[in-house]
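For reference, run.pdb (PDB, C-alpha atoms, pLDDT in the B column):
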```
MODEL        1
ATOM      1  CA  ASN T 917      39.568  35.066  -7.110  1.00 66.00           C
ATOM      2  CA  ALA T 918      42.987  34.452  -5.539  1.00 79.00           C
ATOM      3  CA  GLY T 919      42.837  37.193  -2.858  1.00 94.00           C
ATOM      4  CA  VAL T 920      46.167  37.437  -1.012  1.00 97.00           C
ATOM      5  CA  THR T 921      48.843  34.960  -2.062  1.00 97.00           C
ATOM      6  CA  GLN T 922      51.958  34.311   0.003  1.00 97.00           C
ATOM      7  CA  THR T 923      55.012  32.318  -0.989  1.00 97.00           C
ATOM      8  CA  PRO T 924      56.713  30.213   0.176  1.00 97.00           C
ATOM      9  CA  LYS T 925      54.469  28.366   2.638  1.00 96.00           C
ATOM     10  CA  PHE T 926      57.396  26.953   4.614  1.00 96.00           C
ATOM     11  CA  ARG T 927      61.082  27.828   4.849  1.00 97.00           C
ATOM     12  CA  ILE T 928      64.027  26.899   7.027  1.00 97.00           C
ATOM     13  CA  LEU T 929      66.875  29.409   7.173  1.00 97.00           C
ATOM     14  CA  LYS T 930      70.260  29.269   8.806  1.00 97.00           C
ATOM     15  CA  ILE T 931      71.310  32.096  11.099  1.00 97.00           C
ATOM     16  CA  GLY T 932      72.643  34.996   9.057  1.00 97.00           C
ATOM     17  CA  GLN T 933      70.960  34.009   5.796  1.00 97.00           C
ATOM     18  CA  SER T 934      68.646  36.340   3.911  1.00 96.00           C
ATOM     19  CA  MET T 935      65.319  35.770   2.236  1.00 96.00           C
ATOM     20  CA  THR T 936      62.314  37.548   0.814  1.00 98.00           C
ATOM     21  CA  LEU T 937      58.763  36.597   1.670  1.00 98.00           C
ATOM     22  CA  GLN T 938      56.498  37.326  -1.269  1.00 98.00           C
ATOM     23  CA  CYS T 939      52.963  38.732  -1.041  1.00 98.00           C
ATOM     24  CA  THR T 940      50.628  39.522  -3.927  1.00 98.00           C
ATOM     25  CA  GLN T 941      46.997  40.645  -3.904  1.00 97.00           C
ATOM     26  CA  ASP T 942      44.609  40.865  -6.847  1.00 96.00           C
ATOM     27  CA  MET T 943      41.870  42.954  -5.222  1.00 94.00           C
ATOM     28  CA  ASN T 944      43.374  46.354  -6.104  1.00 94.00           C
ATOM     29  CA  HIS T 945      43.657  47.177  -2.406  1.00 94.00           C
ATOM     30  CA  ASN T 946      45.744  50.214  -1.577  1.00 93.00           C
ATOM     31  CA  TYR T 947      46.595  49.113   1.948  1.00 94.00           C
ATOM     32  CA  MET T 948      48.869  46.156   2.698  1.00 95.00           C
ATOM     33  CA  TYR T 949      50.370  44.794   5.907  1.00 95.00           C
ATOM     34  CA  TRP T 950      52.869  42.294   7.277  1.00 97.00           C
ATOM     35  CA  TYR T 951      52.215  40.599  10.612  1.00 95.00           C
ATOM     36  CA  ARG T 952      54.072  37.964  12.555  1.00 95.00           C
ATOM     37  CA  GLN T 953      52.408  35.472  14.867  1.00 93.00           C
ATOM     38  CA  ASP T 954      54.454  33.653  17.461  1.00 90.00           C
ATOM     39  CA  PRO T 955      53.112  30.366  18.921  1.00 81.00           C
ATOM     40  CA  GLY T 956      50.064  30.955  21.099  1.00 75.00           C
ATOM     41  CA  MET T 957      50.242  34.684  20.560  1.00 78.00           C
ATOM     42  CA  GLY T 958      48.355  37.353  18.683  1.00 85.00           C
ATOM     43  CA  LEU T 959      49.345  39.293  15.587  1.00 91.00           C
ATOM     44  CA  LYS T 960      52.103  41.871  15.708  1.00 91.00           C
ATOM     45  CA  LEU T 961      52.399  44.418  12.904  1.00 92.00           C
ATOM     46  CA  ILE T 962      55.828  44.565  11.259  1.00 96.00           C
ATOM     47  CA  TYR T 963      55.328  47.036   8.385  1.00 96.00           C
ATOM     48  CA  TYR T 964      52.447  48.441   6.411  1.00 94.00           C
ATOM     49  CA  SER T 965      51.834  50.403   3.232  1.00 95.00           C
ATOM     50  CA  VAL T 966      49.009  52.751   2.237  1.00 93.00           C
ATOM     51  CA  GLY T 967      49.904  52.737  -1.435  1.00 94.00           C
ATOM     52  CA  ALA T 968      52.629  52.130  -3.985  1.00 95.00           C
ATOM     53  CA  GLY T 969      55.829  53.868  -2.956  1.00 95.00           C
ATOM     54  CA  ILE T 970      54.688  54.436   0.649  1.00 95.00           C
ATOM     55  CA  THR T 971      55.694  52.234   3.580  1.00 96.00           C
ATOM     56  CA  ASP T 972      55.804  52.708   7.332  1.00 94.00           C
ATOM     57  CA  LYS T 973      56.948  50.835  10.414  1.00 94.00           C
ATOM     58  CA  GLY T 974      54.619  48.890  12.671  1.00 92.00           C
ATOM     59  CA  GLU T 975      55.222  47.606  16.197  1.00 89.00           C
ATOM     60  CA  VAL T 976      58.138  45.216  15.484  1.00 94.00           C
ATOM     61  CA  PRO T 977      60.075  46.412  12.389  1.00 97.00           C
ATOM     62  CA  ASN T 978      63.632  45.633  13.524  1.00 96.00           C
ATOM     63  CA  GLY T 979      65.376  43.080  11.327  1.00 96.00           C
ATOM     64  CA  TYR T 980      62.955  43.515   8.423  1.00 98.00           C
ATOM     65  CA  ASN T 981      62.597  45.698   5.340  1.00 97.00           C
ATOM     66  CA  VAL T 982      59.794  46.194   2.843  1.00 98.00           C
ATOM     67  CA  SER T 983      59.172  47.836  -0.496  1.00 96.00           C
ATOM     68  CA  ARG T 984      56.008  48.626  -2.429  1.00 97.00           C
ATOM     69  CA  SER T 985      56.762  49.302  -6.075  1.00 96.00           C
ATOM     70  CA  THR T 986      53.323  48.209  -7.316  1.00 97.00           C
ATOM     71  CA  THR T 987      49.809  48.093  -5.873  1.00 96.00           C
ATOM     72  CA  GLU T 988      49.781  44.298  -6.086  1.00 97.00           C
ATOM     73  CA  ASP T 989      53.083  43.341  -4.436  1.00 98.00           C
ATOM     74  CA  PHE T 990      54.460  43.905  -0.935  1.00 98.00           C
ATOM     75  CA  PRO T 991      57.565  41.763  -0.304  1.00 98.00           C
ATOM     76  CA  LEU T 992      59.125  41.428   3.166  1.00 98.00           C
ATOM     77  CA  ARG T 993      62.908  41.110   3.360  1.00 98.00           C
ATOM     78  CA  LEU T 994      64.911  39.502   6.158  1.00 96.00           C
ATOM     79  CA  GLU T 995      68.567  40.484   5.776  1.00 90.00           C
ATOM     80  CA  LEU T 996      70.341  38.593   8.573  1.00 94.00           C
ATOM     81  CA  ALA T 997      68.055  35.892   9.906  1.00 96.00           C
ATOM     82  CA  ALA T 998      68.051  35.324  13.665  1.00 97.00           C
ATOM     83  CA  PRO T 999      66.343  32.603  15.765  1.00 96.00           C
ATOM     84  CA  SER T1000      64.041  35.298  17.200  1.00 96.00           C
ATOM     85  CA  GLN T1001      62.540  35.643  13.716  1.00 97.00           C
ATOM     86  CA  THR T1002      61.176  32.098  13.826  1.00 97.00           C
ATOM     87  CA  SER T1003      57.460  32.722  13.434  1.00 97.00           C
ATOM     88  CA  VAL T1004      54.485  32.528  11.103  1.00 96.00           C
ATOM     89  CA  TYR T1005      54.248  35.555   8.828  1.00 98.00           C
ATOM     90  CA  PHE T1006      50.952  36.824   7.450  1.00 97.00           C
ATOM     91  CA  CYS T1007      50.405  39.347   4.725  1.00 97.00           C
ATOM     92  CA  ALA T1008      47.074  41.180   4.547  1.00 96.00           C
ATOM     93  CA  SER T1009      45.397  43.835   2.433  1.00 95.00           C
ATOM     94  CA  SER T1010      42.400  46.150   2.724  1.00 92.00           C
ATOM     95  CA  TRP T1011      40.624  49.073   1.045  1.00 87.00           C
ATOM     96  CA  ASP T1012      41.356  51.287   4.029  1.00 78.00           C
ATOM     97  CA  PHE T1013      42.154  51.088   7.738  1.00 70.00           C
ATOM     98  CA  GLN T1014      38.502  50.733   8.727  1.00 70.00           C
ATOM     99  CA  GLY T1015      37.476  47.843   6.531  1.00 70.00           C
ATOM    100  CA  GLY T1016      38.145  44.178   7.059  1.00 82.00           C
ATOM    101  CA  TYR T1017      41.575  42.902   6.207  1.00 90.00           C
ATOM    102  CA  THR T1018      41.996  39.925   3.854  1.00 93.00           C
ATOM    103  CA  PHE T1019      44.820  37.679   5.034  1.00 95.00           C
ATOM    104  CA  GLY T1020      47.045  35.291   3.146  1.00 96.00           C
ATOM    105  CA  SER T1021      47.531  31.740   4.381  1.00 95.00           C
ATOM    106  CA  GLY T1022      50.915  32.496   5.944  1.00 96.00           C
ATOM    107  CA  THR T1023      54.594  31.601   5.649  1.00 97.00           C
ATOM    108  CA  ARG T1024      56.022  29.418   8.419  1.00 96.00           C
ATOM    109  CA  LEU T1025      59.670  30.395   8.907  1.00 97.00           C
ATOM    110  CA  THR T1026      62.172  28.565  11.094  1.00 97.00           C
ATOM    111  CA  VAL T1027      65.657  29.991  11.710  1.00 97.00           C
ATOM    112  CA  VAL T1028      68.201  27.483  12.982  1.00 96.00           C
TER     113      VAL T1028
ATOM    114  CA  GLY E 288      49.597  51.912  20.870  1.00 53.00           C
ATOM    115  CA  GLN E 289      46.015  51.049  21.689  1.00 60.00           C
ATOM    116  CA  GLN E 290      45.454  47.973  23.835  1.00 77.00           C
ATOM    117  CA  LEU E 291      42.656  45.463  23.441  1.00 88.00           C
ATOM    118  CA  ASN E 292      41.918  43.034  26.263  1.00 93.00           C
ATOM    119  CA  GLN E 293      40.371  39.861  24.881  1.00 95.00           C
ATOM    120  CA  SER E 294      38.949  37.204  27.166  1.00 96.00           C
ATOM    121  CA  PRO E 295      38.965  34.424  27.842  1.00 96.00           C
ATOM    122  CA  GLN E 296      42.369  33.339  26.528  1.00 94.00           C
ATOM    123  CA  SER E 297      41.102  29.797  25.979  1.00 95.00           C
ATOM    124  CA  MET E 298      37.887  27.821  26.271  1.00 95.00           C
ATOM    125  CA  PHE E 299      37.196  24.105  26.358  1.00 96.00           C
ATOM    126  CA  ILE E 300      33.546  23.273  25.726  1.00 96.00           C
ATOM    127  CA  GLN E 301      31.310  20.378  24.745  1.00 97.00           C
ATOM    128  CA  GLU E 302      29.663  20.225  21.359  1.00 97.00           C
ATOM    129  CA  GLY E 303      26.259  21.909  21.483  1.00 97.00           C
ATOM    130  CA  GLU E 304      27.198  24.463  24.146  1.00 97.00           C
ATOM    131  CA  ASP E 305      26.996  28.203  23.582  1.00 97.00           C
ATOM    132  CA  VAL E 306      30.183  30.304  23.703  1.00 96.00           C
ATOM    133  CA  SER E 307      30.756  33.929  24.597  1.00 97.00           C
ATOM    134  CA  MET E 308      33.943  35.966  24.336  1.00 97.00           C
ATOM    135  CA  ASN E 309      34.622  39.674  24.534  1.00 97.00           C
ATOM    136  CA  CYS E 310      37.071  42.485  23.951  1.00 97.00           C
ATOM    137  CA  THR E 311      37.443  45.650  25.951  1.00 96.00           C
ATOM    138  CA  SER E 312      39.513  48.788  25.631  1.00 93.00           C
ATOM    139  CA  SER E 313      40.129  51.932  27.620  1.00 90.00           C
ATOM    140  CA  SER E 314      39.773  53.923  24.373  1.00 89.00           C
ATOM    141  CA  ILE E 315      36.859  54.547  22.036  1.00 92.00           C
ATOM    142  CA  PHE E 316      36.756  52.568  18.817  1.00 92.00           C
ATOM    143  CA  ASN E 317      35.033  53.382  15.512  1.00 90.00           C
ATOM    144  CA  THR E 318      34.960  49.826  14.205  1.00 91.00           C
ATOM    145  CA  TRP E 319      34.949  46.347  15.726  1.00 94.00           C
ATOM    146  CA  LEU E 320      35.761  43.242  13.719  1.00 94.00           C
ATOM    147  CA  TRP E 321      35.827  39.560  14.626  1.00 96.00           C
ATOM    148  CA  TYR E 322      38.091  37.067  12.862  1.00 96.00           C
ATOM    149  CA  LYS E 323      38.543  33.295  13.050  1.00 96.00           C
ATOM    150  CA  GLN E 324      41.831  31.539  12.398  1.00 95.00           C
ATOM    151  CA  ASP E 325      41.757  27.840  11.547  1.00 94.00           C
ATOM    152  CA  PRO E 326      44.913  25.824  12.298  1.00 88.00           C
ATOM    153  CA  GLY E 327      47.577  26.507   9.669  1.00 87.00           C
ATOM    154  CA  GLU E 328      45.588  29.264   7.964  1.00 91.00           C
ATOM    155  CA  GLY E 329      45.304  33.020   8.045  1.00 93.00           C
ATOM    156  CA  PRO E 330      42.496  34.810   9.931  1.00 95.00           C
ATOM    157  CA  VAL E 331      39.182  35.133   8.101  1.00 95.00           C
ATOM    158  CA  LEU E 332      36.704  37.929   8.747  1.00 93.00           C
ATOM    159  CA  LEU E 333      33.493  36.741  10.458  1.00 95.00           C
ATOM    160  CA  ILE E 334      31.603  39.909  11.381  1.00 95.00           C
ATOM    161  CA  ALA E 335      32.203  43.654  11.038  1.00 93.00           C
ATOM    162  CA  LEU E 336      30.475  46.265  13.243  1.00 95.00           C
ATOM    163  CA  TYR E 337      30.474  49.985  12.467  1.00 92.00           C
ATOM    164  CA  LYS E 338      27.947  51.615  14.831  1.00 93.00           C
ATOM    165  CA  ALA E 339      27.596  51.720  18.607  1.00 95.00           C
ATOM    166  CA  GLY E 340      24.873  49.315  19.720  1.00 95.00           C
ATOM    167  CA  GLU E 341      24.934  47.427  16.419  1.00 95.00           C
ATOM    168  CA  LEU E 342      24.035  43.753  16.731  1.00 97.00           C
ATOM    169  CA  THR E 343      24.923  41.570  13.744  1.00 96.00           C
ATOM    170  CA  SER E 344      24.513  37.859  13.096  1.00 96.00           C
ATOM    171  CA  ASN E 345      26.254  35.507  10.718  1.00 94.00           C
ATOM    172  CA  GLY E 346      24.657  32.076  11.012  1.00 96.00           C
ATOM    173  CA  ARG E 347      25.252  30.823  14.551  1.00 97.00           C
ATOM    174  CA  LEU E 348      27.502  33.790  15.314  1.00 97.00           C
ATOM    175  CA  THR E 349      26.275  37.042  16.847  1.00 98.00           C
ATOM    176  CA  ALA E 350      28.421  40.060  17.643  1.00 98.00           C
ATOM    177  CA  GLN E 351      27.645  43.419  19.212  1.00 97.00           C
ATOM    178  CA  PHE E 352      29.337  46.809  19.199  1.00 97.00           C
ATOM    179  CA  GLY E 353      29.123  48.080  22.770  1.00 96.00           C
ATOM    180  CA  ILE E 354      27.176  51.240  23.537  1.00 96.00           C
ATOM    181  CA  THR E 355      30.202  52.844  25.171  1.00 95.00           C
ATOM    182  CA  ARG E 356      32.218  52.064  21.980  1.00 94.00           C
ATOM    183  CA  LYS E 357      34.877  50.535  24.224  1.00 95.00           C
ATOM    184  CA  ASP E 358      33.864  46.902  23.967  1.00 96.00           C
ATOM    185  CA  SER E 359      32.449  44.169  21.784  1.00 97.00           C
ATOM    186  CA  PHE E 360      31.356  40.584  22.292  1.00 97.00           C
ATOM    187  CA  LEU E 361      30.995  37.516  20.092  1.00 98.00           C
ATOM    188  CA  ASN E 362      28.558  34.694  20.809  1.00 98.00           C
ATOM    189  CA  ILE E 363      28.545  31.293  19.135  1.00 98.00           C
ATOM    190  CA  SER E 364      25.411  29.235  19.622  1.00 97.00           C
ATOM    191  CA  ALA E 365      25.173  25.439  19.531  1.00 97.00           C
ATOM    192  CA  SER E 366      28.900  24.910  18.951  1.00 97.00           C
ATOM    193  CA  ILE E 367      30.131  22.225  16.560  1.00 97.00           C
ATOM    194  CA  PRO E 368      33.611  20.660  16.165  1.00 95.00           C
ATOM    195  CA  SER E 369      34.484  22.866  13.173  1.00 95.00           C
ATOM    196  CA  ASP E 370      34.180  25.948  15.412  1.00 96.00           C
ATOM    197  CA  VAL E 371      37.619  25.014  16.777  1.00 96.00           C
ATOM    198  CA  GLY E 372      40.200  27.727  16.174  1.00 95.00           C
ATOM    199  CA  ILE E 373      41.463  31.053  17.414  1.00 95.00           C
ATOM    200  CA  TYR E 374      39.036  33.968  17.467  1.00 97.00           C
ATOM    201  CA  PHE E 375      40.476  37.482  17.257  1.00 95.00           C
ATOM    202  CA  CYS E 376      38.778  40.764  17.895  1.00 95.00           C
ATOM    203  CA  ALA E 377      40.099  43.844  16.110  1.00 92.00           C
ATOM    204  CA  GLY E 378      39.164  47.472  16.441  1.00 90.00           C
ATOM    205  CA  GLN E 379      39.903  50.761  14.736  1.00 87.00           C
ATOM    206  CA  PRO E 380      40.598  53.467  17.349  1.00 84.00           C
ATOM    207  CA  GLU E 381      38.691  56.750  17.136  1.00 82.00           C
ATOM    208  CA  THR E 382      41.836  58.640  16.149  1.00 75.00           C
ATOM    209  CA  SER E 383      41.551  59.466  12.472  1.00 57.00           C
ATOM    210  CA  GLY E 384      43.679  57.307  10.216  1.00 65.00           C
ATOM    211  CA  SER E 385      44.434  54.723  12.865  1.00 67.00           C
ATOM    212  CA  ARG E 386      45.168  51.155  11.903  1.00 79.00           C
ATOM    213  CA  LEU E 387      43.315  48.169  13.307  1.00 84.00           C
ATOM    214  CA  THR E 388      44.461  46.903  16.688  1.00 87.00           C
ATOM    215  CA  PHE E 389      44.150  43.142  17.279  1.00 90.00           C
ATOM    216  CA  GLY E 390      43.357  41.335  20.503  1.00 92.00           C
ATOM    217  CA  GLU E 391      45.517  38.417  21.661  1.00 92.00           C
ATOM    218  CA  GLY E 392      42.920  35.845  20.616  1.00 94.00           C
ATOM    219  CA  THR E 393      40.661  33.250  22.248  1.00 96.00           C
ATOM    220  CA  GLN E 394      41.599  29.623  21.590  1.00 95.00           C
ATOM    221  CA  LEU E 395      38.390  27.580  21.328  1.00 96.00           C
ATOM    222  CA  THR E 396      38.367  23.791  21.701  1.00 96.00           C
ATOM    223  CA  VAL E 397      35.124  21.883  21.116  1.00 96.00           C
ATOM    224  CA  ASN E 398      34.903  18.322  22.393  1.00 93.00           C
ATOM    225  CA  PRO E 399      32.554  16.076  20.400  1.00 90.00           C
TER     226      PRO E 399
ENDMDL
END
```
Encoded form using structure tokens:
Amino acid sequence: NAGVTQTPKFRILKIGQSMTLQCTQDMNHNYMYWYRQDPGMGLKLIYYSVGAGITDKGEVPNGYNVSRSTTEDFPLRLELAAPSQTSVYFCASSWDFQGGYTFGSGTRLTVV
Amino acid sequence: GQQLNQSPQSMFIQEGEDVSMNCTSSSIFNTWLWYKQDPGEGPVLLIALYKAGELTSNGRLTAQFGITRKDSFLNISASIPSDVGIYFCAGQPETSGSRLTFGEGTQLTVNP
């Protein structure tokens, strides 16, 4: 059982470049989330989705976009990368808001 | 949004010692969850609590949902080197449809 799969694991971007962080889950969860974790800090919610076709902003959405065309996939798009977006990004999924979230293993992004 | 105060921020202990950490909030929560994050990995769910006063164990780990529904603690008994990592509390506020709120984490170091 794969759970939540994130790709790539590592990426270095130049300022102003764009990229998409991929996230796929095989648990048929309706709810999916994107978090960022800065060094020594907790998790900050970027965007979330409660089902295909539905997305909403979290605490720190600026500079990011998401889409949810299928239940399985929830990609995160960075349009114009900035050094402040250097972080580790985690995707997660759950049955609902109350239950435990299953996290992916993260994407470590460096913007130089 | 809802705030969770997790303490301590970091702990340095000797192998074999017991560990205690807690989370508090000024608001009432319906659910408390405890996660562990190993270096370079995503958080993994350790224990989930759904009722006030609930005390749940998972091996050497014990967690409790506070009677006031505004706090929770996690105890680790007889610590071992593989307990090293960041421990996060998370709670679902009483407000219907609210997402989980995460604490800032407790960094645990275990010296052999």
- Please identify every residue of chain E that has at least one atom no more than 12 Å from any atom of chain T, counting all atoms listed in the file, and report them as a PyMOL selection string. chain E and resi 288-289+291-293+296-297+316-337+372-394
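Nearest residue to Gly967 (chain T), choosing from T:Lys925, T:Arg984, T:Lys930, T:Arg952 and counting only C-alpha atoms: T:Arg984.
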- Residue IDs satisfying the PyMOL selection byres ((chain T and resi 932) around 10), as a ChimeraX atom specification: /T:929-931,933-934,994-999,1027-1028
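Here CA of Ser985 (chain T) and CA of Thr1002 (chain T) stand 26.7 Å from one another.
For the atom pair formed by CA of Asp989 (chain T) and CA of Pro955 (chain T), the distance is 26.7 Å, given to one decimal.
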Please write out, as AutoDock Vina command-line options, where the centre of an axis-aligned box around all listed atoms of region 289-307 of chain E lies and how long its edges are, in Å to one decimal, after adding 6 Å on each side.
```
--center_x 36.1 --center_y 35.6 --center_z 24.6 --size_x 31.8 --size_y 42.8 --size_z 18.5
```
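CA of Ile300 (chain E) to CA of Asn345 (chain E) spans 20.7 Å [interatomic distance, one decimal].
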- Task: Step by step, work through what the PyMOL selection byres ((chain T and resi 982) around 8) selects in the shown file, and finish by giving those residues as an MDAnalysis selection string.
- Result: chainID T and resid 963 971 980:981 983:984 990:993
Exactly which residues make up the result of the PyMOL selection byres ((chain T and resi 968) around 8) on this file, given as a compact mmCIF listing (two decimals) with C-alpha atoms, keeping the file's coordinate frame?
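To be explicit, this is the file written out as part.txt:
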```txt
# COMPACT_ATOMS: atom_id res chain seq x y z
CA ASN T 946 45.74 50.21 -1.58
CA SER T 965 51.83 50.40 3.23
CA VAL T 966 49.01 52.75 2.24
CA GLY T 967 49.90 52.74 -1.44
CA GLY T 969 55.83 53.87 -2.96
CA ILE T 970 54.69 54.44 0.65
CA ARG T 984 56.01 48.63 -2.43
CA SER T 985 56.76 49.30 -6.08
CA THR T 986 53.32 48.21 -7.32
CA THR T 987 49.81 48.09 -5.87
```
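Across E:Cys310, E:Val397, E:Val371, E:Met298, the tightest approach to Ala350 (chain E) is made by E:Cys310 when counting all atoms listed in the file.
For Asn398 (chain E), the set of protein, DNA and RNA residues having any atom at most 8 Å away, when counting all atoms listed in the file and skipping those fewer than 4 positions along the same chain, is Phe299, Ile300, Gln301, Glu302 and Pro368 of chain E.
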